[in-house]
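Structure data (mmCIF, C-alpha atoms and all ligand atoms) from data.cif:
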data_upload
loop_
_atom_site.label_atom_id
_atom_site.label_comp_id
_atom_site.auth_asym_id
_atom_site.auth_seq_id
_atom_site.Cartn_x
_atom_site.Cartn_y
_atom_site.Cartn_z
CA MET A 1 119.14 -45.39 79.15
CA PRO A 2 120.73 -48.83 78.83
CA GLN A 3 122.30 -50.27 82.01
CA LEU A 4 125.86 -50.02 80.72
CA THR A 5 125.54 -46.34 79.81
CA LEU A 6 123.95 -45.68 83.18
CA LEU A 7 126.90 -47.28 84.91
CA LYS A 8 129.34 -45.23 82.88
CA THR A 9 127.41 -42.06 83.67
CA ALA A 10 127.48 -42.88 87.36
CA ARG A 11 131.24 -43.35 87.27
CA ILE A 12 131.79 -40.03 85.52
CA LEU A 13 129.55 -38.29 88.03
CA VAL A 14 131.39 -39.71 91.00
CA LYS A 15 134.75 -38.81 89.56
CA LYS A 16 134.06 -35.31 88.33
CA HIS A 17 131.55 -33.97 90.77
CA ASN A 18 132.33 -35.74 93.99
CA PHE A 19 128.78 -37.05 94.00
CA THR A 20 128.75 -39.86 96.53
CA GLY A 21 126.13 -42.21 97.95
CA GLN A 22 122.91 -40.28 98.38
CA GLY A 23 123.89 -37.51 95.95
CA LEU A 24 124.54 -39.98 93.20
CA ARG A 25 121.36 -41.96 93.84
CA GLU A 26 119.47 -38.69 93.61
CA ALA A 27 121.11 -37.59 90.36
CA ILE A 28 120.60 -40.73 88.28
CA PRO A 29 116.77 -40.62 88.08
CA TYR A 30 116.96 -36.98 86.98
CA ILE A 31 119.46 -37.83 84.27
CA ASN A 32 117.12 -40.54 83.05
CA ALA A 33 114.04 -38.31 83.21
CA PHE A 34 115.71 -35.45 81.36
CA ASN A 35 117.42 -37.55 78.70
CA GLY A 36 116.77 -35.96 75.31
CA LYS A 37 115.17 -32.86 76.86
CA ARG A 38 116.21 -29.26 76.26
CA PHE A 39 117.05 -26.70 78.93
CA VAL A 40 117.72 -23.02 78.39
CA LEU A 41 120.38 -21.55 80.69
CA LYS A 42 120.94 -17.83 80.97
CA ILE A 43 124.45 -17.44 82.27
CA GLY A 44 124.85 -14.66 84.82
CA GLY A 45 126.14 -13.66 88.23
CA SER A 46 129.73 -14.34 89.16
CA VAL A 47 130.29 -16.78 86.28
CA LEU A 48 129.67 -14.04 83.77
CA ASN A 49 131.34 -11.28 85.77
CA ASP A 50 134.47 -13.34 86.19
CA LEU A 51 135.15 -15.35 83.05
CA THR A 52 137.91 -17.29 84.83
CA LEU A 53 135.03 -19.29 86.39
CA LEU A 54 133.76 -20.34 82.95
CA PRO A 55 135.77 -23.59 82.77
CA LEU A 56 133.83 -25.16 85.69
CA LEU A 57 130.46 -24.15 84.27
CA VAL A 58 131.25 -25.27 80.74
CA GLU A 59 132.60 -28.57 81.99
CA ASP A 60 129.19 -29.23 83.56
CA VAL A 61 127.32 -28.12 80.43
CA VAL A 62 129.34 -30.48 78.25
CA PHE A 63 128.91 -33.26 80.81
CA LEU A 64 125.12 -32.85 80.77
CA LYS A 65 125.15 -32.81 76.97
CA LYS A 66 127.09 -36.07 76.95
CA VAL A 67 124.49 -37.73 79.17
CA GLY A 68 121.73 -36.52 76.84
CA ILE A 69 120.58 -33.25 78.44
CA ASN A 70 120.73 -30.47 75.86
CA LEU A 71 121.50 -26.98 77.08
CA ILE A 72 121.10 -23.81 75.09
CA LEU A 73 123.26 -21.06 76.55
CA VAL A 74 122.16 -17.43 76.57
CA HIS A 75 124.18 -14.50 77.87
CA GLY A 76 124.51 -10.74 77.97
CA GLY A 77 127.47 -9.07 79.62
CA ALA A 78 126.38 -6.08 81.69
CA ARG A 79 129.63 -5.65 83.58
CA GLN A 80 131.83 -5.88 80.50
CA LEU A 81 129.57 -3.55 78.50
CA SER A 82 129.49 -0.94 81.28
CA GLU A 83 133.29 -1.04 81.45
CA ALA A 84 133.61 -0.63 77.68
CA MET A 85 131.16 2.28 77.78
CA LYS A 86 133.03 4.03 80.59
CA ALA A 87 136.29 3.62 78.67
CA ARG A 88 134.64 5.63 75.86
CA ASN A 89 133.09 8.17 78.20
CA LEU A 90 129.56 6.96 77.46
CA SER A 91 127.26 7.33 80.46
CA VAL A 92 125.57 4.19 81.80
CA GLU A 93 121.88 4.64 82.57
CA LEU A 94 119.40 1.95 83.62
CA LYS A 95 115.61 2.16 83.82
CA ASN A 96 113.82 -0.76 85.55
CA GLY A 97 116.87 -2.91 84.92
CA LEU A 98 117.05 -2.02 81.21
CA ARG A 99 119.99 -0.12 79.71
CA VAL A 100 119.45 3.09 77.76
CA THR A 101 120.96 2.12 74.37
CA SER A 102 122.07 4.57 71.66
CA SER A 103 123.16 3.20 68.27
CA GLU A 104 126.76 3.57 69.46
CA VAL A 105 126.03 1.53 72.60
CA LEU A 106 124.24 -1.09 70.50
CA GLU A 107 127.31 -1.61 68.31
CA LEU A 108 129.56 -1.73 71.35
CA ALA A 109 127.25 -4.30 73.00
CA ALA A 110 127.34 -6.47 69.86
CA GLU A 111 131.14 -6.36 69.93
CA VAL A 112 131.53 -7.04 73.66
CA PHE A 113 128.94 -9.85 73.72
CA THR A 114 130.49 -11.54 70.67
CA GLU A 115 133.78 -11.69 72.57
CA ILE A 116 132.00 -13.37 75.48
CA SER A 117 130.32 -15.87 73.12
CA GLN A 118 133.73 -16.67 71.70
CA ALA A 119 135.20 -17.20 75.17
CA ILE A 120 132.39 -19.67 75.93
CA ARG A 121 132.89 -21.49 72.62
CA LYS A 122 136.62 -21.74 73.25
CA GLU A 123 135.92 -23.33 76.61
CA ILE A 124 133.49 -25.82 75.04
CA GLU A 125 136.17 -26.73 72.49
CA LYS A 126 138.65 -27.33 75.30
CA ASN A 127 136.24 -30.04 76.45
CA ASP A 128 136.41 -31.61 72.97
CA TYR A 129 132.97 -30.41 72.02
CA LYS A 130 131.49 -27.94 69.54
CA GLY A 131 129.72 -24.66 70.22
CA ALA A 132 127.74 -22.60 67.69
CA ILE A 133 127.46 -18.83 68.18
CA PHE A 134 124.15 -17.09 67.40
CA GLY A 135 124.64 -13.34 67.45
CA ARG A 136 122.66 -10.57 65.81
CA GLU A 137 123.65 -11.65 62.27
CA SER A 138 122.20 -15.13 62.73
CA GLY A 139 118.67 -13.73 63.04
CA LEU A 140 117.87 -16.57 65.44
CA VAL A 141 115.89 -14.17 67.62
CA LYS A 142 114.13 -11.13 66.14
CA SER A 143 112.92 -8.21 68.22
CA SER A 144 110.96 -5.01 67.89
CA GLN A 145 111.70 -1.73 69.62
CA ILE A 146 110.35 -1.34 73.12
CA ASP A 147 107.88 1.54 73.58
CA PRO A 148 109.86 4.48 72.04
CA SER A 149 108.41 6.85 74.64
CA SER A 150 110.35 4.93 77.32
CA GLY A 151 113.51 6.79 76.24
CA LEU A 152 115.45 3.51 76.15
CA GLY A 153 116.49 3.83 72.50
CA PHE A 154 117.56 0.62 70.77
CA VAL A 155 116.19 -1.70 73.43
CA GLY A 156 114.10 -4.52 71.99
CA VAL A 157 111.40 -6.96 72.96
CA PRO A 158 111.85 -10.39 71.39
CA GLN A 159 109.09 -11.34 68.95
CA SER A 160 110.19 -14.53 67.25
CA VAL A 161 112.65 -17.40 67.33
CA GLU A 162 113.79 -19.40 64.30
CA VAL A 163 113.00 -22.70 65.94
CA THR A 164 113.91 -24.65 62.79
CA LEU A 165 117.42 -23.18 62.93
CA LEU A 166 117.91 -24.55 66.44
CA ASN A 167 116.26 -27.85 65.56
CA ALA A 168 118.43 -28.22 62.46
CA LEU A 169 121.59 -28.11 64.54
CA ALA A 170 123.41 -31.37 64.69
CA LYS A 171 122.85 -33.19 67.94
CA ASP A 172 126.40 -32.57 69.10
CA VAL A 173 126.57 -28.79 69.14
CA ILE A 174 125.93 -26.46 72.07
CA PRO A 175 124.21 -23.25 70.95
CA ILE A 176 125.48 -19.96 72.44
CA VAL A 177 123.07 -17.06 72.02
CA SER A 178 123.94 -13.45 72.88
CA SER A 179 121.38 -10.82 73.74
CA VAL A 180 121.92 -8.34 70.91
CA THR A 181 119.35 -9.55 68.37
CA ALA A 182 118.22 -8.74 64.86
CA GLY A 183 115.08 -6.65 64.30
CA ILE A 184 111.83 -7.88 62.78
CA ASN A 185 111.72 -5.14 60.15
CA PRO A 186 113.99 -4.98 57.10
CA GLY A 187 116.53 -2.22 57.67
CA ASP A 188 116.51 -2.60 61.47
CA ILE A 189 120.04 -2.39 62.84
CA GLY A 190 119.09 -4.68 65.72
CA PHE A 191 118.26 -4.29 69.38
CA ASN A 192 119.82 -4.68 72.79
CA VAL A 193 117.56 -7.10 74.63
CA ASN A 194 117.56 -8.13 78.26
CA ALA A 195 119.22 -11.57 78.22
CA ASP A 196 116.47 -12.93 80.50
CA ASP A 197 113.92 -12.06 77.80
CA VAL A 198 116.00 -13.73 75.09
CA ALA A 199 116.29 -16.90 77.18
CA GLY A 200 112.55 -16.79 77.85
CA VAL A 201 111.47 -16.47 74.24
CA ILE A 202 113.74 -19.35 73.23
CA ALA A 203 112.45 -21.55 76.07
CA ALA A 204 108.87 -20.84 75.05
CA GLY A 205 109.65 -21.27 71.33
CA ILE A 206 111.09 -24.74 71.73
CA ALA A 207 108.87 -25.69 74.70
CA ALA A 208 111.97 -26.28 76.80
CA GLU A 209 111.74 -28.53 79.82
CA LYS A 210 113.29 -25.88 82.05
CA LEU A 211 114.44 -22.31 81.94
CA ILE A 212 117.20 -21.38 84.38
CA LEU A 213 118.15 -17.75 84.91
CA MET A 214 121.39 -17.12 86.78
CA THR A 215 121.84 -13.88 88.63
CA ASP A 216 123.92 -12.26 91.40
CA VAL A 217 121.56 -13.12 94.31
CA GLU A 218 120.34 -16.46 95.73
CA GLY A 219 116.94 -16.05 94.08
CA VAL A 220 113.90 -13.89 94.81
CA LEU A 221 114.19 -12.52 98.34
CA ASP A 222 111.37 -11.30 100.60
CA GLU A 223 111.38 -7.92 102.38
CA SER A 224 113.63 -9.35 105.11
CA GLY A 225 116.12 -10.73 102.60
CA ARG A 226 115.02 -14.36 103.03
CA LEU A 227 115.01 -16.64 100.00
CA LEU A 228 111.57 -17.50 98.61
CA SER A 229 112.06 -21.01 97.26
CA THR A 230 108.72 -21.47 95.46
CA LEU A 231 106.52 -18.77 93.95
CA THR A 232 103.24 -18.93 92.04
CA VAL A 233 102.16 -16.49 89.36
CA SER A 234 99.79 -14.62 91.72
CA GLN A 235 102.39 -14.39 94.49
CA VAL A 236 104.85 -12.81 92.05
CA GLU A 237 102.28 -10.26 90.94
CA GLU A 238 101.63 -9.32 94.55
CA LEU A 239 105.38 -8.98 95.32
CA ILE A 240 105.82 -6.64 92.34
CA ALA A 241 102.81 -4.56 93.43
CA ARG A 242 104.35 -4.25 96.93
CA LYS A 243 107.70 -3.33 95.32
CA VAL A 244 109.45 -6.20 97.13
CA ILE A 245 110.49 -7.24 93.62
CA HIS A 246 112.00 -4.27 91.77
CA GLY A 247 114.74 -3.23 89.34
CA GLY A 248 116.50 -5.98 87.38
CA MET A 249 114.48 -8.67 89.16
CA ILE A 250 111.31 -7.47 87.38
CA PRO A 251 112.24 -8.57 83.83
CA LYS A 252 113.54 -11.80 85.32
CA VAL A 253 110.34 -12.82 87.13
CA GLN A 254 108.20 -11.61 84.22
CA THR A 255 110.20 -13.84 81.90
CA CYS A 256 109.51 -16.77 84.21
CA LEU A 257 105.79 -16.07 84.27
CA ASN A 258 105.60 -15.68 80.49
CA THR A 259 107.41 -18.94 79.82
CA LEU A 260 105.19 -20.83 82.26
CA ARG A 261 102.17 -19.48 80.41
CA GLY A 262 103.88 -20.54 77.17
CA GLY A 263 104.15 -24.17 78.29
CA THR A 264 107.64 -24.50 79.79
CA GLN A 265 107.36 -26.81 82.78
CA LYS A 266 109.60 -25.01 85.23
CA CYS A 267 111.53 -21.80 85.57
CA HIS A 268 114.24 -21.17 88.15
CA ILE A 269 116.19 -18.14 89.25
CA ILE A 270 119.45 -19.14 90.89
CA LYS A 271 122.72 -17.59 91.97
CA GLY A 272 125.24 -17.86 89.17
CA SER A 273 128.07 -19.67 90.81
CA ALA A 274 130.15 -22.11 88.83
CA ARG A 275 128.44 -25.32 89.96
CA SER A 276 125.02 -24.11 91.11
CA PHE A 277 122.97 -25.21 88.14
CA MET A 278 124.03 -28.84 88.43
CA ASP A 279 122.58 -28.79 91.95
CA GLU A 280 119.40 -27.25 90.61
CA ILE A 281 118.98 -29.83 87.88
CA LEU A 282 120.20 -32.99 89.56
CA THR A 283 119.06 -32.80 93.19
CA ASP A 284 115.70 -33.09 94.95
CA ALA A 285 116.03 -29.96 97.01
CA GLY A 286 117.22 -27.65 94.26
CA VAL A 287 118.54 -24.16 94.89
CA GLY A 288 117.20 -20.66 94.30
CA THR A 289 113.58 -19.77 93.48
CA GLU A 290 111.32 -22.05 91.49
CA PHE A 291 108.26 -20.67 89.67
CA VAL A 292 105.12 -22.70 89.21
CA ARG A 293 101.62 -22.05 87.93
CA ASP A 294 98.96 -21.42 90.60
CA ASP A 295 97.02 -24.52 89.51
CA PHE A 296 100.18 -26.58 90.03
CA ILE A 297 100.17 -25.68 93.74
CA ASN A 298 96.41 -26.30 93.97
CA GLU A 299 96.83 -29.71 92.37
CA LYS A 300 99.56 -30.53 94.89
CA LEU A 301 97.40 -29.48 97.84
CA ASN A 302 94.42 -31.49 96.59
CA LYS A 303 96.44 -34.67 96.30
N1 LIG B 401 112.94 -9.22 95.67
C1 LIG B 401 114.17 -9.27 95.15
N2 LIG B 401 114.95 -10.34 95.38
C2 LIG B 401 116.20 -10.41 94.88
N3 LIG B 401 116.77 -9.43 94.13
C3 LIG B 401 116.05 -8.33 93.86
C4 LIG B 401 114.71 -8.20 94.36
N4 LIG B 401 114.23 -7.01 93.91
C5 LIG B 401 115.21 -6.43 93.21
N5 LIG B 401 116.31 -7.20 93.16
C6 LIG B 401 117.55 -6.81 92.47
O1 LIG B 401 117.65 -7.51 91.22
C7 LIG B 401 119.03 -7.73 90.95
C8 LIG B 401 119.21 -8.77 89.85
O2 LIG B 401 118.90 -8.20 88.60
P1 LIG B 401 120.06 -7.58 87.67
O3 LIG B 401 120.82 -6.56 88.45
O4 LIG B 401 119.41 -7.12 86.40
O5 LIG B 401 121.04 -8.81 87.44
P2 LIG B 401 121.29 -9.74 86.15
O6 LIG B 401 122.57 -9.27 85.59
O7 LIG B 401 121.37 -11.10 86.72
O8 LIG B 401 120.13 -9.57 85.21
C9 LIG B 401 119.58 -8.11 92.30
O9 LIG B 401 120.96 -7.92 92.40
C10 LIG B 401 118.82 -7.16 93.24
O10 LIG B 401 119.52 -5.96 93.43
MG MG B 402 119.26 -7.81 84.47
#
Could the structure of this file be written out as structure tokens, please?
Amino acid sequence: MPQLTLLKTARILVKKHNFTGQGLREAIPYINAFNGKRFVLKIGGSVLNDLTLLPLLVEDVVFLKKVGINLILVHGGARQLSEAMKARNLSVELKNGLRVTSSEVLELAAEVFTEISQAIRKEIEKNDYKGAIFGRESGLVKSSQIDPSSGLGFVGVPQSVEVTLLNALAKDVIPIVSSVTAGINPGDIGFNVNADDVAGVIAAGIAAEKLILMTDVEGVLDESGRLLSTLTVSQVEELIARKVIHGGMIPKVQTCLNTLRGGTQKCHIIKGSARSFMDEILTDAGVGTEFVRDDFINEKLNK
């Protein structure tokens, strides 16, 4: 980045984010290193549960975009969908963190998630930027039905991403992807997919620099509720076997492992508060749980 732009960036950072002294010195090298790179952010936790927090998050997303860090936003909307289902007397049932989805629930999910995408786009536009919504109709992500014997109905597993569609986007658009996707077979009505999986397949498809999954807890916790800040692939497998990792955390950690195998450099699970992901991206210490390949740790130890 040229000196002048760097200076301008520094000023914006100080003003908007109260970065001072050390914090600012820390952030600048990251901004330089990540310039032109793509990150996939699955929005979750309080930011998604309470859309009044969206302005702070979106402000940061647009800021990062302006300094050359490209975020692709992915979201579901579990709370809003459960509320809409209850209002129609549809019973909410989860199996291993996945929602049993009838065709009626699928249509409702598509409707509810589109509204959330629109709320995010509106917020982006308030920051004088453009957002592009990729829902089921866009066919950006295509899925196939999860094992039908699971009794989950129209729940899908992502199979492909139209990478060219994302690449073709003008440089100054922020993509917003919701987690009801098209199907791979002609005639498929689409599938309800765990938003973590959607974020993961996109990150792998475009070889994103980072995948960040926001949730409602600090990260992966051990049996005593303490945060595990770094985990390797084999440690995760052991924690699942011991059932320390269970429920909705399972698809999340599996997504992280799959994307690491697919070539994404880093995957993080963090608590979805309005400003948390800036701290994750732009500070040395980071927040939440970071996932790395086993050989990464070995390389570090051998150095
Ligand atoms: N080891 C663990 N550490 C942290 N959370 C865990 C763990 N095992 C299971 N969980 C559960 O996973 C939940 C997050 O998954 P989920 O409810 O699907 O949220 P999201 O909407 O972010 O996908 C946590 O709220 C927690 O109840
Ligand atoms: Mg979940």
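The gap separating atom CA of A:Ile202 from atom CA of A:Asp295 is 23.9 Å, in Å to one decimal.
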Name each residue within 6 Å of ligand LIG 401 (chain B), counting only C-alpha atoms and all ligand atoms, as number ranges by chain. A: 44-45, 97, 215-217, 219-222, 244-249
Per residue of chain A within 12 Å of ligand MG 402 (chain B), what are the shortest atom pair and its distance in Å to one decimal, counting only C-alpha atoms and all ligand atoms, with rows by chain and residue number, as a tab-separated table?
residue	atom	partner	partner_atom	distance
A:Lys42	CA	B:MG402	MG	10.7
A:Ile43	CA	B:MG402	MG	11.2
A:Gly44	CA	B:MG402	MG	8.8
A:Gly45	CA	B:MG402	MG	9.8
A:His75	CA	B:MG402	MG	10.6
A:Gly76	CA	B:MG402	MG	8.9
A:Gly77	CA	B:MG402	MG	9.6
A:Ala78	CA	B:MG402	MG	7.8
A:Arg79	CA	B:MG402	MG	10.6
A:Leu94	CA	B:MG402	MG	9.8
A:Lys95	CA	B:MG402	MG	10.6
A:Asn96	CA	B:MG402	MG	9.0
A:Gly97	CA	B:MG402	MG	5.5
A:Leu98	CA	B:MG402	MG	7.0
A:Arg99	CA	B:MG402	MG	9.1
A:Ser179	CA	B:MG402	MG	11.3
A:Val193	CA	B:MG402	MG	10.0
A:Asn194	CA	B:MG402	MG	6.4
A:Ala195	CA	B:MG402	MG	7.3
A:Asp196	CA	B:MG402	MG	7.1
A:Asp197	CA	B:MG402	MG	9.5
A:Val198	CA	B:MG402	MG	11.6
A:Leu213	CA	B:MG402	MG	10.0
A:Met214	CA	B:MG402	MG	9.8
A:Thr215	CA	B:MG402	MG	7.8
A:Asp216	CA	B:MG402	MG	9.5
A:Val217	CA	B:MG402	MG	11.4
A:His246	CA	B:MG402	MG	10.9
A:Gly247	CA	B:MG402	MG	8.1
A:Gly248	CA	B:MG402	MG	4.4
A:Met249	CA	B:MG402	MG	6.8
A:Ile250	CA	B:MG402	MG	8.5
A:Pro251	CA	B:MG402	MG	7.1
A:Lys252	CA	B:MG402	MG	7.0
A:Val253	CA	B:MG402	MG	10.6
A:Gln254	CA	B:MG402	MG	11.7
A:Thr255	CA	B:MG402	MG	11.2
A:Ile269	CA	B:MG402	MG	11.8
Using all atoms listed in the file, which protein or nucleic acid residues come within 10 Å of stretch 123-137 of chain A? Drop anything in the same chain fewer than 4 positions from it, and give the result as an MDAnalysis selection string. chainID A and resid 54:59 61:63 65:66 72:74 110:111 113:114 117:119 141:142 166 169 172:183 189:192
May I have the residues within 10 Å of A:Ser82 as JSON, numbers by chain, using only C-alpha atoms and disregarding those fewer than 3 positions away in the same chain? {"A": [77, 78, 79, 85, 86, 87, 88, 90, 91, 92, 93, 99, 105, 108, 109, 112]}
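All residues of protein, DNA or RNA that reach within 9 Å of A:His268, judged by only C-alpha atoms and not counting those fewer than 2 positions away in the chain, are A:Lys210, A:Leu211, A:Ile212, A:Leu213, A:Met214, A:Gly219, A:Cys256, A:Lys266, A:Ile270, A:Glu280, A:Val287, A:Gly288, A:Thr289, A:Glu290, A:Phe291.
One finds atom CA of A:Phe39 at 25.3 Å from atom CA of A:Ile184.
Of the residues listed (A:Gly68, A:Gly139, A:Gly200, A:Gly205), A:Gly200 shows the shortest atom-to-atom separation from A:Cys267; distances use only C-alpha atoms.
Among A:Leu64, A:Ala199, A:Ala208, A:Leu41, the residue with the shortest atom-to-atom distance to A:Leu282, counting only C-alpha atoms, is A:Leu64.
Of the residues under consideration (A:Met278, A:Ala207, A:Lys171, A:Val292), A:Val292 shows the shortest atom-to-atom contact distance to A:Val236 when counting only C-alpha atoms.
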Report, in Å to a single decimal, how far apart atom CA of A:Ile281 and atom CA of A:Tyr30 are. 7.5 Å
When you count all atoms listed in the file, which of these residues is closest to A:Ala27: A:Leu106, A:Ala168, A:Ala285, A:Val157? A:Ala285
Just need the box for stretch 28-44 of chain A, edges along x, y and z, holding every atom the file lists for it with 3 Å tacked onto each side, so centre and edge lengths in Å to one decimal, as lines of an AutoDock Vina configuration file.
center_x = 119.4
center_y = -27.7
center_z = 81.8
size_x = 16.8
size_y = 32.1
size_z = 19.0
